[in-house]
Amino acid sequence: MPETQPAVLIENEGSVRTIRLNRPEVLNAFNNELLSALGKAVREAEKDRQVRCLVLTGAGRGFSSGQDLADVAARYPNGASDQPIEPIELGRHLREHYHPLLTILRTMEKPVIAAVNGVAAGAGCSLALMCDLRIAAESASFVEAFINVGLVPDSGSTFMLPRLVGFSRAMELAMTGRKVTAVEALQIGLVNQVVPDAQLPEATMKLAKRLAELPPRGIALTKRAINASWAADLATQLEYEAMLQTTAGQTRDHREGVRAFLEKRRPQFTGE
Ligand code: LHQ
């Protein structure tokens with residue numbers, strides 16, 4: 001049954017779009033309604049030419065506690081009975097409800113910031129990791145909680161975590177499911193910035209507006225290049241950079257950037 005509150009809240013400030021997960025009573029755990037509203041909102045932000053930077057954050061004291069476990073339990077065919085448990089298809093749930101959303105975050109040609117306002121656990125942690133940048137409130141924390149419920153890290157955590165923090169730390173965090181504080185997250189490269197709780201909205205907006213002012217094509221091609229580096233050898237990556245640079249070099253924004261530098265003034269980037 002649909003909940004009375006909208007599952008996500010959408011706010012615009014200039015060309016920055018903020019999508020706020022809105023199930024605060026369960027620390028923004030993902031049920032199907034939230035996943036589908038989030039997916040729709042992200043797709044709209046991707047398509048909207050006015051939007052130059054996307055921020056994901058949570059309502060209340062959590063960022064997201066991951067998959068709604070009450071929702072999962074409700075799907076067990078035999079409920080809490082001691083009859084043999086029939087297999088349930090979690091993989092299908094991931095493929096249908098999570099993968100399209102997570103893929104857009106990595107491929108959309110706009111910067112995506114996770115403003116981590118509180119705990120990010122399980123798939124909620126994965127969601128934060130799939131964003132381009134992470135800014136965390138001092139009281140935020142990160143929990144690869146999957147193992148605590150007998151599951152494997154999913155929703156991109158096994159892809160992003162070792163790339164962000166290295167093999168050893170990724171193994172440790174994934175295997176122990178322990179809580180990482182915001183301060184530790186900064187030390188190990190899991191987040192870009194930590195700010196006092198009260199300053200999170202302002203610090204996020206400052207970063208988002210800075211990104212929104214930069215040349216959109218340059219930002220888009222930079223994201224493509226860094227994404228591609230994960231699966232490329234050096235020769236391939238050098239060639240890819242050269243190809244993307246040919247494209248970037250043909251934009252008005254490139255010429256404007258060079259002219260502004262030589263004329264010692266602030267550049268005005270238009271996205272052309
Ligand atoms: C929750 C949840 C939650 C429901 C807090 N669900 N209610 C993807 C797809 C397919 C299948 C399976 O898996 C996945 C990926 C996953 O995400 S699996 C991992 C799922 N997440 C977790 O295992 C995390 C579970 N939550 C926790 O460990 C704690 O709640 C954390 C560490 C997040 C926060 O702890 P506290 O700050 O102490 O808060 P709390 O535990 O008191 O939670 C507050 C309320 O939120 C509470 O409800 P209540 O009615 O007692 O106030 C919790 O039951 C509810 N809640 N997480 N995932």
# chains A, B, ... in the order shown; residues from 1 in each chain; ligands from 1

call {"tool": "residues_around", "arguments": {"residues": "Gly62 of chain A", "least_positions_apart": "4", "cutoff": "9 Å", "atoms": "only C-alpha atoms", "output": "list in words"}}
result
Pro24, Val26, Leu27, Asn28, Thr57, Gly58, Val116, Asn117, Gly118, Val119, Ala120 and Ala140 of chain A

call {"tool": "write_last_selection", "arguments": {"atoms": "all heavy atoms", "output": "PDB file, in the first residue's frame"}}
result
ATOM      1  N   PRO A  24      12.094   8.623   6.613  1.00  0.00           N
ATOM      2  CA  PRO A  24      12.992   8.823   7.758  1.00  0.00           C
ATOM      3  C   PRO A  24      12.763   7.869   8.918  1.00  0.00           C
ATOM      4  O   PRO A  24      13.689   7.546   9.653  1.00  0.00           O
ATOM      5  CB  PRO A  24      12.715  10.278   8.174  1.00  0.00           C
ATOM      6  CG  PRO A  24      11.409  10.649   7.556  1.00  0.00           C
ATOM      7  CD  PRO A  24      11.276   9.813   6.317  1.00  0.00           C
ATOM      8  N   VAL A  26      12.448   4.777   8.940  1.00  0.00           N
ATOM      9  CA  VAL A  26      13.265   3.555   8.802  1.00  0.00           C
ATOM     10  C   VAL A  26      14.639   3.908   8.214  1.00  0.00           C
ATOM     11  O   VAL A  26      15.270   3.105   7.540  1.00  0.00           O
ATOM     12  CB  VAL A  26      12.557   2.475   7.937  1.00  0.00           C
ATOM     13  CG1 VAL A  26      11.419   1.816   8.714  1.00  0.00           C
ATOM     14  CG2 VAL A  26      12.042   3.057   6.624  1.00  0.00           C
ATOM     15  N   LEU A  27      15.091   5.108   8.522  1.00  0.00           N
ATOM     16  CA  LEU A  27      16.395   5.592   8.041  1.00  0.00           C
ATOM     17  C   LEU A  27      16.512   5.456   6.519  1.00  0.00           C
ATOM     18  O   LEU A  27      17.553   5.091   5.977  1.00  0.00           O
ATOM     19  CB  LEU A  27      17.548   4.847   8.749  1.00  0.00           C
ATOM     20  CG  LEU A  27      17.493   4.857  10.282  1.00  0.00           C
ATOM     21  CD1 LEU A  27      18.620   4.018  10.877  1.00  0.00           C
ATOM     22  CD2 LEU A  27      17.564   6.277  10.826  1.00  0.00           C
ATOM     23  N   ASN A  28      15.391   5.727   5.843  1.00  0.00           N
ATOM     24  CA  ASN A  28      15.336   5.720   4.375  1.00  0.00           C
ATOM     25  C   ASN A  28      15.713   4.365   3.775  1.00  0.00           C
ATOM     26  O   ASN A  28      16.453   4.291   2.783  1.00  0.00           O
ATOM     27  CB  ASN A  28      16.182   6.863   3.792  1.00  0.00           C
ATOM     28  CG  ASN A  28      15.747   8.199   4.338  1.00  0.00           C
ATOM     29  OD1 ASN A  28      14.555   8.491   4.375  1.00  0.00           O
ATOM     30  ND2 ASN A  28      16.689   8.993   4.826  1.00  0.00           N
ATOM     31  N   THR A  57      20.557  12.911  -1.014  1.00  0.00           N
ATOM     32  CA  THR A  57      20.691  12.990   0.431  1.00  0.00           C
ATOM     33  C   THR A  57      19.471  12.332   1.080  1.00  0.00           C
ATOM     34  O   THR A  57      18.584  11.838   0.387  1.00  0.00           O
ATOM     35  CB  THR A  57      20.893  14.457   0.890  1.00  0.00           C
ATOM     36  OG1 THR A  57      21.334  14.474   2.240  1.00  0.00           O
ATOM     37  CG2 THR A  57      19.630  15.290   0.753  1.00  0.00           C
ATOM     38  N   GLY A  58      19.453  12.315   2.425  1.00  0.00           N
ATOM     39  CA  GLY A  58      18.357  11.635   3.113  1.00  0.00           C
ATOM     40  C   GLY A  58      17.618  12.576   4.051  1.00  0.00           C
ATOM     41  O   GLY A  58      18.203  13.504   4.606  1.00  0.00           O
ATOM     42  N   VAL A 116      25.991  12.829   2.592  1.00  0.00           N
ATOM     43  CA  VAL A 116      25.678  11.741   3.522  1.00  0.00           C
ATOM     44  C   VAL A 116      25.413  12.340   4.902  1.00  0.00           C
ATOM     45  O   VAL A 116      26.326  12.708   5.638  1.00  0.00           O
ATOM     46  CB  VAL A 116      26.811  10.692   3.537  1.00  0.00           C
ATOM     47  CG1 VAL A 116      26.401   9.489   4.384  1.00  0.00           C
ATOM     48  CG2 VAL A 116      27.165  10.253   2.126  1.00  0.00           C
ATOM     49  N   ASN A 117      24.133  12.449   5.210  1.00  0.00           N
ATOM     50  CA  ASN A 117      23.685  13.169   6.415  1.00  0.00           C
ATOM     51  C   ASN A 117      23.636  12.283   7.651  1.00  0.00           C
ATOM     52  O   ASN A 117      23.481  12.781   8.763  1.00  0.00           O
ATOM     53  CB  ASN A 117      22.284  13.751   6.166  1.00  0.00           C
ATOM     54  CG  ASN A 117      21.322  12.682   5.699  1.00  0.00           C
ATOM     55  OD1 ASN A 117      21.559  12.043   4.667  1.00  0.00           O
ATOM     56  ND2 ASN A 117      20.258  12.450   6.450  1.00  0.00           N
ATOM     57  N   GLY A 118      23.767  10.958   7.471  1.00  0.00           N
ATOM     58  CA  GLY A 118      23.679  10.046   8.612  1.00  0.00           C
ATOM     59  C   GLY A 118      24.167   8.686   8.181  1.00  0.00           C
ATOM     60  O   GLY A 118      24.982   8.583   7.249  1.00  0.00           O
ATOM     61  N   VAL A 119      23.625   7.642   8.794  1.00  0.00           N
ATOM     62  CA  VAL A 119      24.138   6.313   8.475  1.00  0.00           C
ATOM     63  C   VAL A 119      23.802   5.919   7.029  1.00  0.00           C
ATOM     64  O   VAL A 119      22.713   6.206   6.523  1.00  0.00           O
ATOM     65  CB  VAL A 119      23.605   5.274   9.494  1.00  0.00           C
ATOM     66  CG1 VAL A 119      22.100   5.087   9.398  1.00  0.00           C
ATOM     67  CG2 VAL A 119      24.325   3.948   9.353  1.00  0.00           C
ATOM     68  N   ALA A 120      24.799   5.304   6.377  1.00  0.00           N
ATOM     69  CA  ALA A 120      24.612   4.734   5.034  1.00  0.00           C
ATOM     70  C   ALA A 120      24.975   3.268   5.164  1.00  0.00           C
ATOM     71  O   ALA A 120      26.148   2.930   5.349  1.00  0.00           O
ATOM     72  CB  ALA A 120      25.529   5.434   4.032  1.00  0.00           C
ATOM     73  N   ALA A 140      27.812  11.176  10.304  1.00  0.00           N
ATOM     74  CA  ALA A 140      27.483  10.125   9.321  1.00  0.00           C
ATOM     75  C   ALA A 140      28.348   8.893   9.571  1.00  0.00           C
ATOM     76  O   ALA A 140      29.395   8.976  10.221  1.00  0.00           O
ATOM     77  CB  ALA A 140      27.713  10.640   7.908  1.00  0.00           C
TER      78      ALA A 140
END

call {"tool": "residues_near_ligand", "arguments": {"ligand": "ligand 1", "cutoff": "8 Å", "atoms": "only C-alpha atoms and all ligand atoms", "output": "PyMOL selection string"}}
result
chain A and resi 24-30+62+64-72+90-91+93-94+98+119-124+143-149+151+153-155+179

call {"tool": "residues_around", "arguments": {"residues": "Glu44 of chain A", "least_positions_apart": "4", "cutoff": "12 Å", "atoms": "only C-alpha atoms", "output": "count of residues only"}}
result
16

call {"tool": "closest_residue", "arguments": {"among": "A:Leu214, A:Leu161, A:Ala73, A:Leu244", "to": "Ala228 of chain A", "atoms": "only C-alpha atoms"}}
result
A:Leu244

call {"tool": "closest_residue", "arguments": {"among": "A:Val16, A:Leu102, A:Val165, A:Ala248", "to": "Thr222 of chain A", "atoms": "only C-alpha atoms"}}
result
A:Ala248

call {"tool": "residues_around", "arguments": {"residues": "Pro267 of chain A", "least_positions_apart": "2", "cutoff": "7 Å", "atoms": "only C-alpha atoms", "output": "compact mmCIF listing (two decimals) with N, CA and C atoms, in the first residue's frame"}}
result
# COMPACT_ATOMS: atom_id res chain seq x y z
N GLU A 256 36.31 29.77 -24.57
CA GLU A 256 35.99 30.77 -23.55
C GLU A 256 36.96 30.67 -22.36
N GLY A 257 37.25 29.46 -21.93
CA GLY A 257 38.17 29.24 -20.80
C GLY A 257 39.55 29.80 -21.10
N ALA A 260 39.33 33.70 -21.38
CA ALA A 260 39.15 34.31 -20.05
C ALA A 260 40.46 34.28 -19.28
N ARG A 265 40.03 37.31 -16.60
CA ARG A 265 38.67 37.50 -16.12
C ARG A 265 38.05 36.14 -15.83
N PHE A 269 30.80 29.98 -18.76
CA PHE A 269 30.59 28.75 -19.53
C PHE A 269 29.10 28.56 -19.83

call {"tool": "residues_around", "arguments": {"residues": "Arg134 of chain A", "least_positions_apart": "2", "cutoff": "8 Å", "atoms": "only C-alpha atoms", "output": "ChimeraX atom specification"}}
result
/A:113-116,128-129,131-132,136,190-193

call {"tool": "write_last_selection", "arguments": {"atoms": "C-alpha atoms", "output": "mmCIF file, in the first residue's frame"}}
result
data_model
loop_
_atom_site.group_PDB
_atom_site.id
_atom_site.type_symbol
_atom_site.label_atom_id
_atom_site.label_comp_id
_atom_site.auth_asym_id
_atom_site.auth_seq_id
_atom_site.Cartn_x
_atom_site.Cartn_y
_atom_site.Cartn_z
ATOM 1 C CA ILE A 113 27.188 14.202 -5.073
ATOM 2 C CA ALA A 114 26.109 12.071 -2.119
ATOM 3 C CA ALA A 115 25.488 14.398 0.829
ATOM 4 C CA VAL A 116 25.678 11.741 3.522
ATOM 5 C CA ALA A 128 26.690 6.699 -1.718
ATOM 6 C CA LEU A 129 29.693 4.903 -3.215
ATOM 7 C CA CYS A 131 28.050 8.767 -6.687
ATOM 8 C CA ASP A 132 30.959 10.784 -8.089
ATOM 9 C CA ALA A 136 29.643 13.604 4.893
ATOM 10 C CA LEU A 190 35.803 6.775 1.243
ATOM 11 C CA VAL A 191 34.598 10.388 1.315
ATOM 12 C CA ASN A 192 35.934 13.642 -0.102
ATOM 13 C CA GLN A 193 35.006 15.948 2.743
#

call {"tool": "atom_distance", "arguments": {"atom1": "atom CA of Gln245 of chain A", "atom2": "atom CA of Arg217 of chain A"}}
result
10.6 Å

call {"tool": "residues_around", "arguments": {"residues": "Glu109 of chain A", "least_positions_apart": "5", "cutoff": "9 Å", "atoms": "only C-alpha atoms", "output": "list in words"}}
result
Glu46, Pro216, Arg217, Ile219, Ala220, Leu221, Lys223 and Arg224 of chain A

call {"tool": "select_by_dssp", "arguments": {"residues": "segment 11-211 of chain A", "states": "alpha helix (DSSP H)", "output": "JSON, numbers by chain"}}
result
{"A": [32, 33, 34, 35, 36, 37, 38, 39, 40, 41, 42, 43, 44, 45, 46, 47, 69, 70, 71, 72, 73, 74, 90, 91, 92, 93, 99, 100, 101, 102, 103, 104, 105, 106, 107, 123, 124, 125, 126, 127, 128, 129, 130, 157, 158, 159, 160, 161, 162, 163, 164, 165, 167, 168, 169, 170, 171, 172, 173, 174, 175, 176, 182, 183, 184, 185, 186, 187, 200, 201, 202, 203, 204, 205, 206, 207, 208, 209, 210, 211]}

call {"tool": "select_by_dssp", "arguments": {"residues": "segment 29-231 of chain A", "states": "strand (DSSP E or B)", "output": "PyMOL selection string"}}
result
chain A and resi 30+53-58+62-64+67+112-116+119-121+133-137+141-143+179-181+193-195

call {"tool": "closest_residue", "arguments": {"among": "A:Arg52, A:Ala59, A:Leu133, A:Thr247", "to": "Ala7 of chain A", "atoms": "only C-alpha atoms"}}
result
A:Ala59

call {"tool": "closest_residue", "arguments": {"among": "A:Ser139, A:Asn227, A:Ser168, A:Gln250", "to": "Glu184 of chain A", "atoms": "only C-alpha atoms"}}
result
A:Ser139

call {"tool": "atom_distance", "arguments": {"atom1": "atom CA of Val195 of chain A", "atom2": "atom CA of Glu138 of chain A"}}
result
5.7 Å
